[in-house]
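Visitor: Below is a structure I'd like to ask you about.
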Amino acid sequence: MPFRFYPIFRREMKSYLTSPSVYVAIAMYLFLSGIFFYGILVNFTEMSTNAEYRRMAGVETENFTQHVVSQVFWAINFLLLFLVPMITMRLLAEEKKSGTFELLKSLPFTDWNIVTAKFLAAYSLIAGMLLLSGYYVGIMARFGSPEMPVVLVSVLGLLISSAAYVSIGLFASALTENQIVAAIVSFVLLFGLFLVGDLTTPASGGINRILETLSMRAHADNFTKGLFRLEDVIYFLTITTVFLFMTCRTLEIRRWRV
C-alpha cells in the first residue's frame with residue numbers, strides 16, 4: 001500500500017492541532033515575523049524619503065524588491081531556524097520516552113512509513129504557518145511595487161528549504177528521548193549548516209568553495225533574490241533525503257539494540 005503511513009500522519013496532525021504549545025509557536029512566529037516586517041517597511045520608508053539617509057547607507061536609489069521583499073523573506077527563513085526545532089523536537093523523542101514507539105513498531109509499519117508520516121506532518125504544519133504569513137505579500141502589493149517573479153521564487157524557496165530544516169529536526173528527535181536535547185541538537189545542526197559559509201578566509205583556496213557549497217545561507221539567499229537555480233533546489237532536496245535516510249537508519253539501529 002503506497003499510503004500505509006497515512007494513519008500515523010493523521011494521528012500526528014491531530015496531535016499538532018490539539019496541542020496548545022503548537023498554537024503558542026504559531027503566535028510567536030506571526031508576532032516576530034510581523035515585527036521584522038514592520039521594521040523593514042519603516043526602514044524602507046525612511047530610505048525612500050530621506051536622500052541624506054540613503055547617502056549615509058551607501059544606497060543611491062531605493063528598490064522595493066531588494067530592500068523589502070528580499071529582506072522580509074530572508075527574515076522569515078531565519079525565524080524558521082528557531083521555529084523548526086520547536087515543532088520537530090517531540091516527533092520521535094516523545095514516542096520513545098512514553099513507550100509508544102515500541103507499540104508503533106509492533107504494528108505493520110516500516111521505518112520508512114514512520115519517518116515519512118512524521119516528516120509530512122511537521123512539514124504540513126510549517127507550510128501552513130508560512131501560508132498564514134502570506135498577507136505580507138498582499139500588503140507589499142498594496143503599498144509598494146514588488147516584482148512578483150521574485151516573490152514567487154522566494155515563496156518556493158521557503159517551501160523547499162523548510163523541508164530540509166524539518167528533516168534535520170526529525171533526525172535530531174530520533175537521536176534522543178529528551179525533547180529539549182532534540183531541540184538543541186536540531187538547532188546546532190541547522191545553525192552549523194547555515195553559518196558554515198562564514199568560516200571562509202581569503203587564504204582557504206578550494207576550501208572556500210566547499211564551505212560555500214555546504215552553506216544553507218548561501219543557497220537560501222539566492223531564492224530571496226529571485227534566483228531559482230537548479231543547484232540550490234538540488235542542495236535542499238539532497239539535505240532532505242540524506243537526513244530522512246539517516247533517521248531511518250537510526251530507528252533501525254535502535255530496533256536491533258532492543
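Every chain in the C-alpha cells has a letter given in the order shown (A, B, ...), and although residue numbers restart at 1 in each chain, ligands are simply numbered from 1 in the order shown.
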Considering only alpha helix (DSSP H) as DSSP defines it on the backbone, what residues of stretch 175-218 of chain A qualify? List them as a list in words.

Guide: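 Selection result, alpha helix (DSSP H) within stretch 175-218 of chain A: Gln179, Ile180, Val181, Ala182, Ala183, Ile184, Val185, Ser186, Phe187, Val188, Leu189, Leu190, Phe191, Gly192, Leu193, Phe194, Leu195, Gly206, Ile207, Asn208, Arg209, Ile210, Leu211, Glu212, Thr213, Leu214, Met216, Arg217 and Ala218 of chain A.
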
Visitor: Within 8 Å of A:Ala163, counting only C-alpha atoms, which residues qualify if same-chain residues fewer than 5 places away don't, as a PDB file with N, CA, C and O atoms, in the first residue's frame?

Guide:
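What landed in result-v1.pdb:
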```pdb
ATOM      1  N   TYR A 123       6.080  18.983   8.268  1.00  0.00           N
ATOM      2  CA  TYR A 123       6.232  19.863   7.103  1.00  0.00           C
ATOM      3  C   TYR A 123       4.909  20.535   6.743  1.00  0.00           C
ATOM      4  O   TYR A 123       4.889  21.720   6.371  1.00  0.00           O
ATOM      5  N   PHE A 236      18.964  21.511  -1.320  1.00  0.00           N
ATOM      6  CA  PHE A 236      17.997  21.320  -0.246  1.00  0.00           C
ATOM      7  C   PHE A 236      17.303  19.965  -0.341  1.00  0.00           C
ATOM      8  O   PHE A 236      17.017  19.338   0.688  1.00  0.00           O
ATOM      9  N   LEU A 237      17.046  19.494  -1.558  1.00  0.00           N
ATOM     10  CA  LEU A 237      16.447  18.166  -1.706  1.00  0.00           C
ATOM     11  C   LEU A 237      17.420  17.085  -1.250  1.00  0.00           C
ATOM     12  O   LEU A 237      17.009  16.070  -0.672  1.00  0.00           O
ATOM     13  N   THR A 240      17.431  17.074   2.535  1.00  0.00           N
ATOM     14  CA  THR A 240      16.204  16.419   2.993  1.00  0.00           C
ATOM     15  C   THR A 240      16.318  14.914   2.898  1.00  0.00           C
ATOM     16  O   THR A 240      16.021  14.186   3.862  1.00  0.00           O
TER      17      THR A 240
END
```

Visitor: Can you tell me, as a list of chain:residue names, what residues are no more than 7 Å from A:Ser145 when counting only C-alpha atoms, ignoring any on the same chain fewer than 2 positions away?

Guide: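 Contacts, in chain order: A:Phe64, A:Ala141, A:Glu147.
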
Visitor: Find the distance between atom CA of A:Arg209 and atom CA of A:Gly197 and write it in Å to one decimal.

Guide: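 Separating atom CA of A:Arg209 from atom CA of A:Gly197 is a distance of 8.8 Å.
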
Visitor: So the first atom is atom CA of A:Leu227 and the second is atom CA of A:Asn208; what is the distance between them in Å, to one decimal place?

Guide: 21.4 Å

Visitor: Within 10 Å of A:Trp112, counting only C-alpha atoms, which residues qualify if same-chain residues fewer than 5 places away don't, as a PyMOL selection string?

Guide: chain A and resi 5+117-118+244-245+247-249+251-252

Visitor: Could those selected residues go to a file with C-alpha atoms, as a short mmCIF file (atom, residue, chain, number, x, y, z; two decimals), in the first residue's frame?

Guide:
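As a result, result27.cif now contains:
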```
data_model
loop_
_atom_site.label_atom_id
_atom_site.label_comp_id
_atom_site.auth_asym_id
_atom_site.auth_seq_id
_atom_site.Cartn_x
_atom_site.Cartn_y
_atom_site.Cartn_z
CA PHE A 5 1.83 5.80 6.52
CA ALA A 117 4.43 10.25 8.22
CA LYS A 118 6.28 12.22 10.89
CA LEU A 244 15.50 11.25 6.26
CA PHE A 245 17.71 8.30 5.32
CA THR A 247 16.68 8.95 10.55
CA CYS A 248 15.57 5.59 9.15
CA ARG A 249 18.97 4.09 9.87
CA LEU A 251 15.50 3.78 14.02
CA GLU A 252 16.84 0.56 12.53
#
```
